[in-house]
$ cat coords05.csv   # CSV, C-alpha atoms and all ligand atoms
chain,number,residue,atom,x,y,z
I,1,MET,CA,-169.7,-32.1,78.8
I,2,THR,CA,-173.1,-30.6,77.8
I,3,LEU,CA,-175.5,-29.3,80.5
I,4,ALA,CA,-178.0,-32.0,79.6
I,5,LEU,CA,-175.3,-34.7,80.2
I,6,GLN,CA,-174.3,-33.0,83.5
I,7,ILE,CA,-177.9,-33.0,84.8
I,8,SER,CA,-178.6,-36.5,83.7
I,9,LEU,CA,-175.4,-37.8,85.4
I,10,ALA,CA,-176.2,-35.8,88.6
I,11,CYS,CA,-179.6,-37.6,88.8
I,12,LEU,CA,-178.0,-41.0,88.2
I,13,TYR,CA,-175.4,-40.3,90.9
I,14,LEU,CA,-178.2,-39.6,93.4
I,15,TYR,CA,-179.5,-43.1,93.5
I,16,LEU,CA,-176.4,-45.3,93.2
I,17,LYS,CA,-173.9,-46.9,95.6
I,18,LYS,CA,-170.4,-45.7,95.0
I,19,VAL,CA,-167.0,-46.9,96.2
I,20,LYS,CA,-164.0,-44.6,95.6
I,21,VAL,CA,-160.7,-46.2,94.9
I,22,LYS,CA,-157.5,-44.1,95.3
I,23,ILE,CA,-154.1,-45.8,95.0
I,24,LYS,CA,-151.1,-43.7,96.0
I,25,SER,CA,-148.3,-44.5,93.6
I,26,LYS,CA,-145.9,-42.5,91.4
I,27,ASN,CA,-148.9,-41.6,89.3
I,28,GLU,CA,-151.9,-41.6,91.6
I,29,ILE,CA,-154.7,-44.0,90.4
I,30,LYS,CA,-158.2,-42.9,91.1
I,31,TYR,CA,-161.5,-44.5,89.9
I,32,ASN,CA,-165.0,-45.1,91.1
I,33,ILE,CA,-167.0,-48.2,91.4
I,34,LEU,CA,-170.7,-47.5,90.6
I,35,ILE,CA,-173.3,-50.0,91.7
I,36,LYS,CA,-177.0,-49.8,90.8
I,37,ASN,CA,-179.6,-52.2,89.5
I,38,GLY,CA,-180.4,-51.2,85.9
I,39,ILE,CA,-177.4,-48.9,85.5
I,40,LEU,CA,-176.3,-50.6,82.2
I,41,LYS,CA,-178.6,-48.4,80.2
I,42,ASN,CA,-176.6,-45.4,81.4
I,43,THR,CA,-173.3,-46.8,80.1
I,44,GLY,CA,-173.2,-44.3,77.2
I,45,LYS,CA,-173.5,-41.2,79.4
I,46,LEU,CA,-170.9,-42.5,81.9
I,47,VAL,CA,-168.4,-43.4,79.1
I,48,LYS,CA,-169.0,-40.1,77.3
I,49,LYS,CA,-167.8,-38.2,80.4
I,50,LEU,CA,-164.5,-40.1,80.4
I,51,LEU,CA,-163.8,-40.7,76.7
I,52,ILE,CA,-161.2,-38.6,75.1
I,53,GLY,CA,-161.5,-40.0,71.6
I,54,LYS,CA,-164.5,-41.1,69.6
I,55,ARG,CA,-164.4,-44.9,69.7
I,56,VAL,CA,-164.8,-47.8,72.1
I,57,LEU,CA,-164.4,-51.5,71.7
I,58,ILE,CA,-166.6,-53.7,73.8
I,59,VAL,CA,-164.8,-57.0,74.7
I,60,THR,CA,-167.3,-59.7,75.8
I,61,ASP,CA,-168.0,-63.4,75.5
I,62,ASN,CA,-170.7,-65.2,73.4
I,63,ILE,CA,-173.0,-65.8,76.4
I,64,VAL,CA,-172.9,-62.2,77.7
I,65,ALA,CA,-173.1,-60.8,74.2
I,66,ASN,CA,-176.4,-62.8,73.5
I,67,LEU,CA,-177.9,-61.5,76.7
I,68,TYR,CA,-176.9,-57.9,77.0
I,69,VAL,CA,-174.6,-56.5,74.4
I,70,ASP,CA,-177.4,-54.7,72.4
I,71,LYS,CA,-178.5,-52.8,75.5
I,72,ILE,CA,-175.0,-51.3,76.1
I,73,LYS,CA,-174.2,-50.8,72.4
I,74,LYS,CA,-177.5,-48.8,72.0
I,75,SER,CA,-176.7,-46.7,75.1
I,76,LEU,CA,-173.2,-45.9,73.7
I,77,GLU,CA,-174.4,-45.1,70.2
I,78,LYS,CA,-177.1,-42.8,71.6
I,79,GLU,CA,-174.2,-40.7,72.8
I,80,ASN,CA,-172.6,-40.8,69.3
I,81,ILE,CA,-169.8,-43.0,70.4
I,82,ILE,CA,-168.5,-45.2,67.6
I,83,THR,CA,-168.9,-48.7,69.0
I,84,SER,CA,-167.5,-52.0,67.9
I,85,VAL,CA,-167.7,-55.4,69.6
I,86,CYS,CA,-165.3,-58.3,70.0
I,87,VAL,CA,-167.0,-61.5,71.0
I,88,LEU,CA,-164.8,-64.2,72.5
I,89,GLU,CA,-165.7,-67.8,73.1
I,90,ASN,CA,-166.7,-68.0,76.8
I,91,GLY,CA,-164.7,-69.9,79.4
I,92,GLU,CA,-161.3,-70.1,81.0
I,93,ALA,CA,-159.9,-72.3,78.2
I,94,ASN,CA,-160.0,-69.3,75.9
I,95,LYS,CA,-158.1,-66.9,78.3
I,96,ASN,CA,-155.0,-67.3,76.2
I,97,ILE,CA,-152.7,-65.7,73.6
I,98,GLU,CA,-155.1,-66.6,70.7
I,99,GLY,CA,-157.9,-64.8,72.6
I,100,ILE,CA,-156.0,-61.6,73.0
I,101,SER,CA,-154.6,-61.8,69.5
I,102,ASN,CA,-158.2,-61.7,68.3
I,103,ILE,CA,-158.9,-58.6,70.4
I,104,TYR,CA,-155.7,-56.8,69.0
I,105,SER,CA,-156.9,-57.5,65.5
I,106,THR,CA,-160.4,-56.2,66.2
I,107,LEU,CA,-158.8,-53.0,67.7
I,108,ALA,CA,-156.7,-52.6,64.5
I,109,LYS,CA,-159.6,-53.3,62.1
I,110,ASN,CA,-161.7,-50.7,63.9
I,111,GLU,CA,-158.9,-48.1,64.0
I,112,LEU,CA,-158.9,-47.5,67.8
I,113,SER,CA,-156.4,-44.9,68.7
I,114,ARG,CA,-154.6,-44.1,72.0
I,115,LYS,CA,-157.4,-41.7,72.9
I,116,ASP,CA,-160.1,-44.4,72.5
I,117,MET,CA,-161.3,-46.9,75.1
I,118,VAL,CA,-161.7,-50.6,75.8
I,119,ILE,CA,-164.7,-51.9,77.7
I,120,ALA,CA,-164.5,-55.2,79.5
I,121,PHE,CA,-168.0,-56.6,79.6
I,122,GLY,CA,-168.4,-60.0,81.2
I,123,GLY,CA,-166.9,-62.2,83.8
I,124,GLY,CA,-163.4,-62.4,85.2
I,125,VAL,CA,-162.1,-64.1,82.0
I,126,VAL,CA,-163.2,-61.2,79.8
I,127,GLY,CA,-162.1,-58.6,82.4
I,128,ASP,CA,-158.6,-60.1,82.7
I,129,MET,CA,-158.1,-60.3,79.0
I,130,ALA,CA,-159.5,-57.0,78.0
I,131,GLY,CA,-157.6,-55.3,80.8
I,132,TYR,CA,-154.3,-56.8,79.6
I,133,VAL,CA,-155.1,-55.7,76.0
I,134,ALA,CA,-155.9,-52.2,77.2
I,135,ALA,CA,-152.6,-52.1,79.1
I,136,THR,CA,-150.6,-53.0,76.0
I,137,TRP,CA,-152.6,-51.6,73.0
I,138,MET,CA,-150.5,-48.6,71.8
I,139,ARG,CA,-148.7,-48.9,75.2
I,140,GLY,CA,-151.9,-48.3,77.2
I,141,VAL,CA,-155.4,-47.1,76.5
I,142,ASP,CA,-158.2,-46.3,78.9
I,143,PHE,CA,-160.5,-49.1,79.9
I,144,ILE,CA,-163.5,-49.6,82.0
I,145,GLN,CA,-164.8,-52.7,83.6
I,146,ILE,CA,-168.5,-53.8,83.5
I,147,PRO,CA,-168.5,-57.1,85.4
I,148,THR,CA,-171.4,-59.5,84.9
I,149,THR,CA,-170.6,-62.4,87.2
I,150,LEU,CA,-170.7,-62.2,91.0
I,151,LEU,CA,-167.0,-63.1,91.2
I,152,ALA,CA,-166.0,-60.4,88.7
I,153,CYS,CA,-168.2,-57.8,90.6
I,154,VAL,CA,-166.6,-58.4,94.0
I,155,ASP,CA,-163.1,-59.5,93.0
I,156,SER,CA,-161.6,-59.5,89.6
I,157,SER,CA,-162.9,-56.1,88.3
I,158,VAL,CA,-161.5,-54.4,91.4
I,159,GLY,CA,-157.7,-54.1,91.9
I,160,GLY,CA,-156.1,-53.8,88.5
I,161,LYS,CA,-154.8,-57.4,88.0
I,162,THR,CA,-155.0,-58.3,84.4
I,163,GLY,CA,-153.6,-61.2,82.4
I,164,ILE,CA,-153.9,-64.5,80.5
I,165,ASN,CA,-152.9,-68.1,80.9
I,166,ILE,CA,-150.2,-69.9,79.0
I,167,ALA,CA,-149.7,-73.7,78.8
I,168,GLU,CA,-147.2,-73.5,81.7
I,169,GLY,CA,-149.7,-72.0,84.1
I,170,LYS,CA,-152.6,-69.7,85.0
I,171,ASN,CA,-152.2,-65.9,84.9
I,172,LEU,CA,-148.5,-66.1,84.2
I,173,VAL,CA,-148.6,-63.3,81.7
I,174,GLY,CA,-150.1,-60.0,82.9
I,175,ALA,CA,-149.9,-56.5,84.2
I,176,PHE,CA,-151.2,-54.3,86.9
I,177,TYR,CA,-153.5,-51.9,85.0
I,178,SER,CA,-156.4,-50.1,86.7
I,179,PRO,CA,-159.7,-49.3,85.0
I,180,LYS,CA,-160.9,-45.7,84.8
I,181,LEU,CA,-164.4,-46.8,86.1
I,182,VAL,CA,-166.2,-49.9,87.2
I,183,ILE,CA,-169.9,-50.1,86.5
I,184,ILE,CA,-171.8,-52.9,88.3
I,185,ASP,CA,-175.4,-53.6,87.4
I,186,SER,CA,-176.8,-56.2,89.8
I,187,GLU,CA,-179.7,-56.9,87.4
I,188,THR,CA,-177.2,-58.8,85.1
I,189,LEU,CA,-176.6,-61.2,87.9
I,190,GLU,CA,-180.1,-62.5,87.6
I,191,SER,CA,-179.2,-64.6,84.5
I,192,LEU,CA,-176.1,-66.1,86.1
I,193,PRO,CA,-176.3,-69.9,86.5
I,194,LYS,CA,-176.7,-70.8,90.2
I,195,ARG,CA,-173.4,-72.6,90.3
I,196,GLU,CA,-171.5,-69.5,89.0
I,197,PHE,CA,-173.3,-67.4,91.6
I,198,ASN,CA,-172.3,-69.7,94.3
I,199,ALA,CA,-168.7,-69.6,93.1
I,200,GLY,CA,-168.8,-65.8,93.5
I,201,MET,CA,-170.2,-66.3,97.0
I,202,SER,CA,-167.1,-68.2,97.9
I,203,GLU,CA,-164.9,-65.1,97.4
I,204,ILE,CA,-167.5,-63.1,99.4
I,205,VAL,CA,-167.2,-65.5,102.3
I,206,LYS,CA,-163.4,-65.2,102.0
I,207,HIS,CA,-163.6,-61.4,102.3
I,208,ALA,CA,-165.9,-61.8,105.3
I,209,LEU,CA,-163.6,-64.3,107.0
I,210,LEU,CA,-160.6,-62.1,106.5
I,211,PHE,CA,-162.0,-58.7,107.4
I,212,ASP,CA,-165.7,-58.5,108.4
I,213,GLU,CA,-167.5,-60.8,110.8
I,214,LYS,CA,-170.7,-58.7,110.4
I,215,LEU,CA,-170.8,-59.5,106.7
I,216,LEU,CA,-170.3,-63.2,107.6
I,217,GLU,CA,-173.4,-63.0,109.9
I,218,THR,CA,-175.4,-61.4,107.1
I,219,ILE,CA,-174.5,-64.3,104.8
I,220,GLU,CA,-175.2,-66.9,107.5
I,221,ASN,CA,-178.6,-65.4,108.2
I,222,HIS,CA,-179.5,-65.5,104.5
I,223,TYR,CA,-178.6,-69.1,104.1
I,224,ASN,CA,-179.7,-70.4,107.6
I,225,LYS,CA,-182.6,-68.2,108.4
I,226,ASN,CA,-183.8,-67.3,104.9
I,227,GLU,CA,-183.3,-63.6,105.5
I,228,LYS,CA,-183.4,-61.5,102.3
I,229,LEU,CA,-179.9,-60.7,100.9
I,230,ASP,CA,-179.5,-57.1,99.8
I,231,ILE,CA,-177.3,-57.8,96.8
I,232,ASP,CA,-176.3,-54.2,96.2
I,233,TYR,CA,-175.1,-53.9,99.9
I,234,ILE,CA,-173.2,-57.2,99.5
I,235,LEU,CA,-171.5,-55.8,96.3
I,236,LYS,CA,-170.7,-52.5,97.8
I,237,ARG,CA,-169.3,-53.9,101.0
I,238,ASN,CA,-167.1,-56.4,99.1
I,239,CYS,CA,-165.8,-53.7,96.8
I,240,GLU,CA,-165.0,-51.6,99.9
I,241,LEU,CA,-163.1,-54.4,101.6
I,242,LYS,CA,-161.1,-55.4,98.5
I,243,SER,CA,-160.4,-51.9,97.4
I,244,HIS,CA,-159.1,-51.0,100.9
I,245,ILE,CA,-156.5,-53.7,100.6
I,246,VAL,CA,-155.6,-52.7,97.1
I,247,GLN,CA,-155.2,-49.1,98.2
I,248,ILE,CA,-152.7,-50.0,100.9
I,249,ASP,CA,-150.8,-52.7,98.9
I,250,TYR,CA,-151.4,-52.5,95.2
I,251,LYS,CA,-148.5,-54.6,94.1
I,252,GLU,CA,-149.1,-57.4,96.7
I,253,LYS,CA,-146.1,-57.0,98.8
I,254,LYS,CA,-147.9,-57.6,102.1
I,255,GLU,CA,-151.6,-57.1,103.0
I,256,ARG,CA,-152.9,-58.0,99.5
I,257,MET,CA,-151.5,-61.5,100.1
I,258,PHE,CA,-154.3,-62.0,102.6
I,259,LEU,CA,-156.6,-62.2,99.6
I,260,ASN,CA,-154.9,-65.5,98.7
I,261,PHE,CA,-156.6,-67.2,101.7
I,262,GLY,CA,-157.8,-70.6,100.4
I,263,HIS,CA,-156.0,-70.1,97.1
I,264,THR,CA,-152.8,-72.1,97.8
I,265,ILE,CA,-154.6,-75.4,98.0
I,266,GLY,CA,-157.5,-74.1,95.9
I,267,HIS,CA,-155.2,-73.5,92.9
I,268,SER,CA,-153.6,-76.9,93.2
I,269,VAL,CA,-157.0,-78.7,93.4
I,270,GLU,CA,-158.4,-76.6,90.6
I,271,ASN,CA,-155.5,-77.4,88.3
I,272,ALA,CA,-155.4,-81.1,89.2
I,273,SER,CA,-159.1,-81.4,88.5
I,274,GLY,CA,-158.6,-79.9,85.0
I,275,TYR,CA,-159.8,-76.5,83.9
I,276,GLY,CA,-163.6,-76.2,84.2
I,277,VAL,CA,-164.2,-79.3,86.3
I,278,LEU,CA,-164.1,-77.3,89.6
I,279,LEU,CA,-165.0,-73.6,89.3
I,280,HIS,CA,-162.4,-71.3,90.8
I,281,GLY,CA,-164.7,-70.3,93.7
I,282,GLU,CA,-165.5,-74.0,94.4
I,283,ALA,CA,-161.8,-74.8,94.6
I,284,VAL,CA,-161.3,-71.7,96.9
I,285,ALA,CA,-164.0,-73.1,99.3
I,286,ILE,CA,-162.1,-76.4,99.5
I,287,GLY,CA,-158.9,-74.4,100.1
I,288,MET,CA,-160.4,-72.3,102.9
I,289,ILE,CA,-161.5,-75.3,104.8
I,290,PHE,CA,-158.1,-76.9,104.3
I,291,ALA,CA,-156.4,-73.7,105.6
I,292,ILE,CA,-158.5,-73.6,108.7
I,293,GLU,CA,-157.9,-77.3,109.5
I,294,TYR,CA,-154.2,-76.9,108.8
I,295,GLY,CA,-154.1,-73.8,111.0
I,296,ILE,CA,-155.8,-75.7,113.9
I,297,LYS,CA,-153.3,-78.5,113.4
I,298,LEU,CA,-150.3,-76.1,113.7
I,299,GLY,CA,-151.9,-74.2,116.6
I,300,ILE,CA,-152.1,-71.0,114.5
I,301,THR,CA,-155.9,-70.9,114.3
I,302,LYS,CA,-156.8,-70.2,117.9
I,303,ASN,CA,-160.6,-70.3,117.6
I,304,LYS,CA,-161.2,-73.9,116.7
I,305,ASN,CA,-165.0,-73.3,116.5
I,306,ILE,CA,-164.7,-71.5,113.2
I,307,LEU,CA,-164.1,-74.8,111.4
I,308,GLU,CA,-167.7,-76.1,111.8
I,309,ARG,CA,-169.1,-72.6,111.3
I,310,VAL,CA,-167.4,-72.1,108.0
I,311,LYS,CA,-168.2,-75.6,106.8
I,312,ASN,CA,-171.9,-74.9,107.5
I,313,ILE,CA,-171.8,-71.6,105.7
I,314,LEU,CA,-170.1,-73.0,102.6
I,315,SER,CA,-172.2,-76.2,102.5
I,316,ASN,CA,-175.4,-74.1,102.8
I,317,ILE,CA,-174.4,-72.0,99.9
I,318,GLY,CA,-173.9,-75.2,97.9
I,319,LEU,CA,-170.1,-75.2,97.7
I,320,PRO,CA,-167.8,-78.2,98.1
I,321,ILE,CA,-165.7,-78.4,101.3
I,322,SER,CA,-163.5,-81.4,100.9
I,323,ILE,CA,-160.8,-82.4,98.4
I,324,PRO,CA,-162.4,-84.6,95.7
I,325,GLU,CA,-161.4,-88.3,96.2
I,326,ASN,CA,-159.8,-88.6,92.8
I,327,ILE,CA,-157.3,-85.9,93.6
I,328,ASN,CA,-154.0,-86.7,95.2
I,329,LEU,CA,-153.1,-83.5,97.1
I,330,LYS,CA,-149.4,-84.3,97.1
I,331,GLU,CA,-149.4,-84.7,93.3
I,332,ALA,CA,-151.6,-81.6,92.9
I,333,ILE,CA,-149.3,-79.4,94.9
I,334,LYS,CA,-146.2,-80.7,93.0
I,335,LEU,CA,-148.0,-80.1,89.6
I,336,ASP,CA,-148.7,-76.4,90.5
I,337,LYS,CA,-146.1,-74.9,88.1
I,338,LYS,CA,-146.3,-71.5,89.7
I,339,ARG,CA,-144.7,-73.0,92.8
I,340,ASN,CA,-140.9,-72.8,92.4
I,341,ASN,CA,-140.0,-72.6,96.1
I,342,GLU,CA,-140.2,-75.1,98.8
I,343,LYS,CA,-141.2,-72.4,101.3
I,344,ILE,CA,-144.4,-70.5,100.5
I,345,ASN,CA,-146.4,-67.8,102.2
I,346,PHE,CA,-149.5,-69.5,103.5
I,347,VAL,CA,-152.5,-67.5,104.7
I,348,PHE,CA,-154.1,-68.7,108.0
I,349,LEU,CA,-156.8,-67.3,110.2
I,350,GLU,CA,-156.1,-66.9,113.9
I,351,ASP,CA,-159.8,-66.1,114.1
I,352,ILE,CA,-162.4,-64.5,112.0
I,353,GLY,CA,-161.1,-61.1,111.0
I,354,LYS,CA,-157.6,-62.0,112.0
I,355,PRO,CA,-155.6,-63.3,109.0
I,356,ILE,CA,-151.9,-64.1,109.4
I,357,ILE,CA,-149.3,-65.1,106.9
I,358,GLU,CA,-146.7,-67.8,107.8
I,359,LYS,CA,-144.0,-69.3,105.7
I,360,VAL,CA,-144.5,-73.0,105.5
I,361,ASP,CA,-142.5,-75.8,103.8
I,362,ILE,CA,-144.8,-77.3,101.1
I,363,ASN,CA,-143.6,-80.8,102.1
I,364,SER,CA,-145.1,-80.2,105.5
I,365,ILE,CA,-148.5,-79.5,103.9
I,366,MET,CA,-148.7,-82.9,102.3
I,401,LIG,P1,-166.0,-66.4,83.6
I,401,LIG,O1,-165.6,-65.1,83.1
I,401,LIG,O2,-165.6,-67.6,82.9
I,401,LIG,O3,-167.6,-66.4,83.7
I,401,LIG,C1,-168.3,-67.6,84.1
I,401,LIG,C2,-169.4,-68.0,83.1
I,401,LIG,O4,-170.5,-67.1,83.3
I,401,LIG,C3,-169.0,-67.8,81.6
I,401,LIG,O5,-169.5,-68.9,80.9
I,401,LIG,C4,-169.7,-66.6,81.2
I,401,LIG,O6,-170.0,-66.5,79.8
I,401,LIG,C5,-171.0,-66.6,82.0
I,401,LIG,N1,-171.6,-65.3,82.3
I,401,LIG,C6,-171.0,-64.2,82.6
I,401,LIG,N2,-171.9,-63.2,83.0
I,401,LIG,C7,-173.1,-63.8,82.9
I,401,LIG,C8,-174.4,-63.4,83.2
I,401,LIG,N3,-174.6,-62.2,83.6
I,401,LIG,N4,-175.4,-64.2,83.0
I,401,LIG,C9,-175.2,-65.5,82.5
I,401,LIG,N5,-174.0,-66.0,82.3
I,401,LIG,C10,-172.9,-65.2,82.5
I,401,LIG,O7,-165.6,-66.6,85.1
I,401,LIG,P2,-165.5,-65.7,86.4
I,401,LIG,O8,-165.8,-66.6,87.5
I,401,LIG,O9,-166.3,-64.5,86.3
I,401,LIG,O10,-164.0,-65.3,86.4
I,401,LIG,C11,-163.0,-66.2,86.6
I,401,LIG,C12,-161.7,-65.6,86.0
I,401,LIG,O11,-161.4,-64.5,86.8
I,401,LIG,C13,-160.5,-66.5,86.1
I,401,LIG,O12,-159.8,-66.5,84.9
I,401,LIG,C14,-159.7,-65.9,87.3
I,401,LIG,O13,-158.3,-66.1,87.1
I,401,LIG,C15,-160.0,-64.5,87.1
I,401,LIG,N6,-159.8,-63.7,88.4
I,401,LIG,C16,-159.1,-62.6,88.3
I,401,LIG,C17,-158.9,-61.8,89.4
I,401,LIG,C18,-158.2,-60.5,89.3
I,401,LIG,O14,-157.9,-59.9,90.3
I,401,LIG,N7,-157.9,-60.0,88.1
I,401,LIG,C19,-159.5,-62.2,90.6
I,401,LIG,C20,-160.2,-63.4,90.7
I,401,LIG,C21,-160.4,-64.1,89.6
I,402,LIG,N1,-157.9,-61.9,93.7
I,402,LIG,C1,-156.7,-61.6,94.5
I,402,LIG,C2,-156.2,-60.2,94.2
I,402,LIG,O1,-156.8,-59.4,93.5
I,402,LIG,O2,-155.2,-59.9,94.7
$ encode --input "coords05.csv" --output "structure tokens"
Amino acid sequence: MTLALQISLACLYLYLKKVKVKIKSKNEIKYNILIKNGILKNTGKLVKKLLIGKRVLIVTDNIVANLYVDKIKKSLEKENIITSVCVLENGEANKNIEGISNIYSTLAKNELSRKDMVIAFGGGVVGDMAGYVAATWMRGVDFIQIPTTLLACVDSSVGGKTGINIAEGKNLVGAFYSPKLVIIDSETLESLPKREFNAGMSEIVKHALLFDEKLLETIENHYNKNEKLDIDYILKRNCELKSHIVQIDYKEKKERMFLNFGHTIGHSVENASGYGVLLHGEAVAIGMIFAIEYGIKLGITKNKNILERVKNILSNIGLPISIPENINLKEAIKLDKKRNNEKINFVFLEDIGKPIIEKVDINSIM
């Protein structure tokens, strides 16, 4: 690294928020999450420090490419990094084998070697696909995540889950593969459609309900009392909460399962409504209310007052809280192809900050 690059990175590091992730495994995994409004223009310098080879492939989607790809490409080329771009069609429907086949071909055409790097630049769809490709291209190349949706910033870019959908179900093909760095530029969230932003807020409410009542109050005060939301604080706090869980249970044997709060019913409702009708975060909002109601019914949720409180928060954000009338929950649960057991781990809340997992018979849910 040149002295100029060292000085320039030292100045950048002074003004940003950083979360360190350290996962103890056979080969220790370590990476930083850097959060700063406007950090995108520094991508080149940050990549230069990590890149062993000469080339990078930016994987993005058509919407994000139109908005931001020139900025990041320019920043990489300024550091003499040979940069190519693979633009995918946006949307969950394209998170499939054809999509990743397109990325592999672009990697081959541009002669990316094992020393080169993949950059996932977009929402969770792009992040999951590019991450999976990085895990498998030449048996694994370095990759970094530059998430541009709220959901990807606080959830999918942190934790190393990568993958694609197949006709038989969502995320059925995948790998645990961690990025070398996550760069979050909150400025990119300004172009996010409101509905997508709200869907990301749903996962933030989930983190707050599971682990941090103070964060819940901050969200409540923003939506109820119009208090200003410090988005960089929200991003950092959520990355801290998620990465803490990932650090203690990377492969989802125990604590990471808490992150599935609202997802059991959420997934079923999302699938039953058809891809794209309900956004993932919207389905999770419905699932979280269901889980609280169900917990109260079973006597597991001790603090019954949380039901009205969480309903208010989610409604104020603009999220749905009840199962759409055209969806038959029983059918939806049966249709969920990932479910091959009658008994499932269901995440309940005893109270805010007190998640608990209980095995339940799926027939008793319906
Ligand atoms: P997404 O990637 O489809 O993005 C949503 C929409 O926003 C897309 O149309 C995209 O083009 C657009 N967009 C992205 N950034 C934008 C910006 N800055 N301005 C304007 N538009 C922008 O959806 P998502 O909600 O980010 O991610 C959902 C995916 O994430 C799902 O496939 C889900 O399975 C996955 N996921 C993965 C994990 C994980 O741990 N790996 C966790 C949660 C979700
Ligand atoms: N989004 C859930 C997880 O990363 O485990």
$ residues_near_ligand --input "coords05.csv" --ligand "ligand LIG 402 (chain I)" --cutoff "7 Å" --atoms "only C-alpha atoms and all ligand atoms" --output "mmCIF file with C-alpha atoms, keeping the file's coordinate frame"
data_model
loop_
_atom_site.group_PDB
_atom_site.id
_atom_site.type_symbol
_atom_site.label_atom_id
_atom_site.label_comp_id
_atom_site.auth_asym_id
_atom_site.auth_seq_id
_atom_site.Cartn_x
_atom_site.Cartn_y
_atom_site.Cartn_z
ATOM 1 C CA ASP I 155 -163.100 -59.500 93.000
ATOM 2 C CA SER I 156 -161.600 -59.500 89.600
ATOM 3 C CA GLY I 159 -157.700 -54.100 91.900
ATOM 4 C CA LYS I 161 -154.800 -57.400 88.000
ATOM 5 C CA GLU I 252 -149.100 -57.400 96.700
ATOM 6 C CA ARG I 256 -152.900 -58.000 99.500
ATOM 7 C CA MET I 257 -151.500 -61.500 100.100
ATOM 8 C CA LEU I 259 -156.600 -62.200 99.600
ATOM 9 C CA ASN I 260 -154.900 -65.500 98.700
#
$ residues_near_ligand --input "coords05.csv" --ligand "ligand LIG 401 (chain I)" --cutoff "8 Å" --atoms "only C-alpha atoms and all ligand atoms" --output "PyMOL selection string"
chain I and resi 61-64+67+90-92+95+122-128+147-152+155-164+170-171+188-193+196+199-200+279-281
$ closest_residue --input "coords05.csv" --among "I:Asn27, I:Asn198, I:Asn363, I:Thr301" --to "Ala283 of chain I" --atoms "all atoms listed in the file"
I:Asn198
$ closest_residue --input "coords05.csv" --among "I:Val173, I:Leu12, I:Ile33, I:Val205" --to "Lys311 of chain I" --atoms "all atoms listed in the file"
I:Val205
$ atom_distance --input "coords05.csv" --atom1 "atom CA of Tyr233 of chain I" --atom2 "atom CA of Lys18 of chain I"
10.6 Å
$ atom_distance --input "coords05.csv" --atom1 "atom CA of Ile166 of chain I" --atom2 "atom CA of Ile327 of chain I"
22.8 Å
$ closest_residue --input "coords05.csv" --among "I:Leu210, I:Ile29, I:Cys86, I:Ile72" --to "Asn110 of chain I" --atoms "all atoms listed in the file"
I:Cys86
$ atom_distance --input "coords05.csv" --atom1 "atom CA of Asn80 of chain I" --atom2 "atom CA of Gly99 of chain I"
28.3 Å
$ residues_around --input "coords05.csv" --residues "Gly38 of chain I" --least-positions-apart "3" --cutoff "8 Å" --atoms "all atoms listed in the file" --output "number ranges by chain"
I: 41, 185-187
$ residues_around --input "coords05.csv" --residues "segment 351-354 of chain I" --least-positions-apart "6" --cutoff "6 Å" --atoms "all atoms listed in the file" --output "list in words"
Leu209, Leu210, Phe211, Asp212 and Asn303 of chain I
$ build_atoms --input "coords05.csv" --residues "segment 267-274 of chain I" --atoms "N, CA, C and O atoms" --output "PDB file, in the coordinates of the input"
ATOM      1  N   HIS I 267    -155.829 -73.438  94.234  1.00  0.00           N
ATOM      2  CA  HIS I 267    -155.200 -73.500  92.900  1.00  0.00           C
ATOM      3  C   HIS I 267    -154.788 -74.877  92.522  1.00  0.00           C
ATOM      4  O   HIS I 267    -155.014 -75.323  91.404  1.00  0.00           O
ATOM      5  N   SER I 268    -154.122 -75.561  93.485  1.00  0.00           N
ATOM      6  CA  SER I 268    -153.600 -76.900  93.200  1.00  0.00           C
ATOM      7  C   SER I 268    -154.771 -77.850  92.841  1.00  0.00           C
ATOM      8  O   SER I 268    -154.695 -78.616  91.873  1.00  0.00           O
ATOM      9  N   VAL I 269    -155.825 -77.760  93.633  1.00  0.00           N
ATOM     10  CA  VAL I 269    -157.000 -78.700  93.400  1.00  0.00           C
ATOM     11  C   VAL I 269    -157.664 -78.310  92.100  1.00  0.00           C
ATOM     12  O   VAL I 269    -158.075 -79.200  91.341  1.00  0.00           O
ATOM     13  N   GLU I 270    -157.749 -77.006  91.819  1.00  0.00           N
ATOM     14  CA  GLU I 270    -158.400 -76.600  90.600  1.00  0.00           C
ATOM     15  C   GLU I 270    -157.606 -77.076  89.357  1.00  0.00           C
ATOM     16  O   GLU I 270    -158.184 -77.621  88.416  1.00  0.00           O
ATOM     17  N   ASN I 271    -156.284 -76.922  89.412  1.00  0.00           N
ATOM     18  CA  ASN I 271    -155.500 -77.400  88.300  1.00  0.00           C
ATOM     19  C   ASN I 271    -155.516 -78.890  88.144  1.00  0.00           C
ATOM     20  O   ASN I 271    -155.649 -79.407  87.035  1.00  0.00           O
ATOM     21  N   ALA I 272    -155.423 -79.588  89.289  1.00  0.00           N
ATOM     22  CA  ALA I 272    -155.400 -81.100  89.200  1.00  0.00           C
ATOM     23  C   ALA I 272    -156.701 -81.620  88.703  1.00  0.00           C
ATOM     24  O   ALA I 272    -156.717 -82.662  88.063  1.00  0.00           O
ATOM     25  N   SER I 273    -157.800 -80.908  88.964  1.00  0.00           N
ATOM     26  CA  SER I 273    -159.100 -81.400  88.500  1.00  0.00           C
ATOM     27  C   SER I 273    -159.293 -81.170  87.025  1.00  0.00           C
ATOM     28  O   SER I 273    -160.162 -81.746  86.398  1.00  0.00           O
ATOM     29  N   GLY I 274    -158.470 -80.299  86.454  1.00  0.00           N
ATOM     30  CA  GLY I 274    -158.600 -79.900  85.000  1.00  0.00           C
ATOM     31  C   GLY I 274    -159.477 -78.697  84.934  1.00  0.00           C
ATOM     32  O   GLY I 274    -160.468 -78.576  85.658  1.00  0.00           O
TER      33      GLY I 274
END
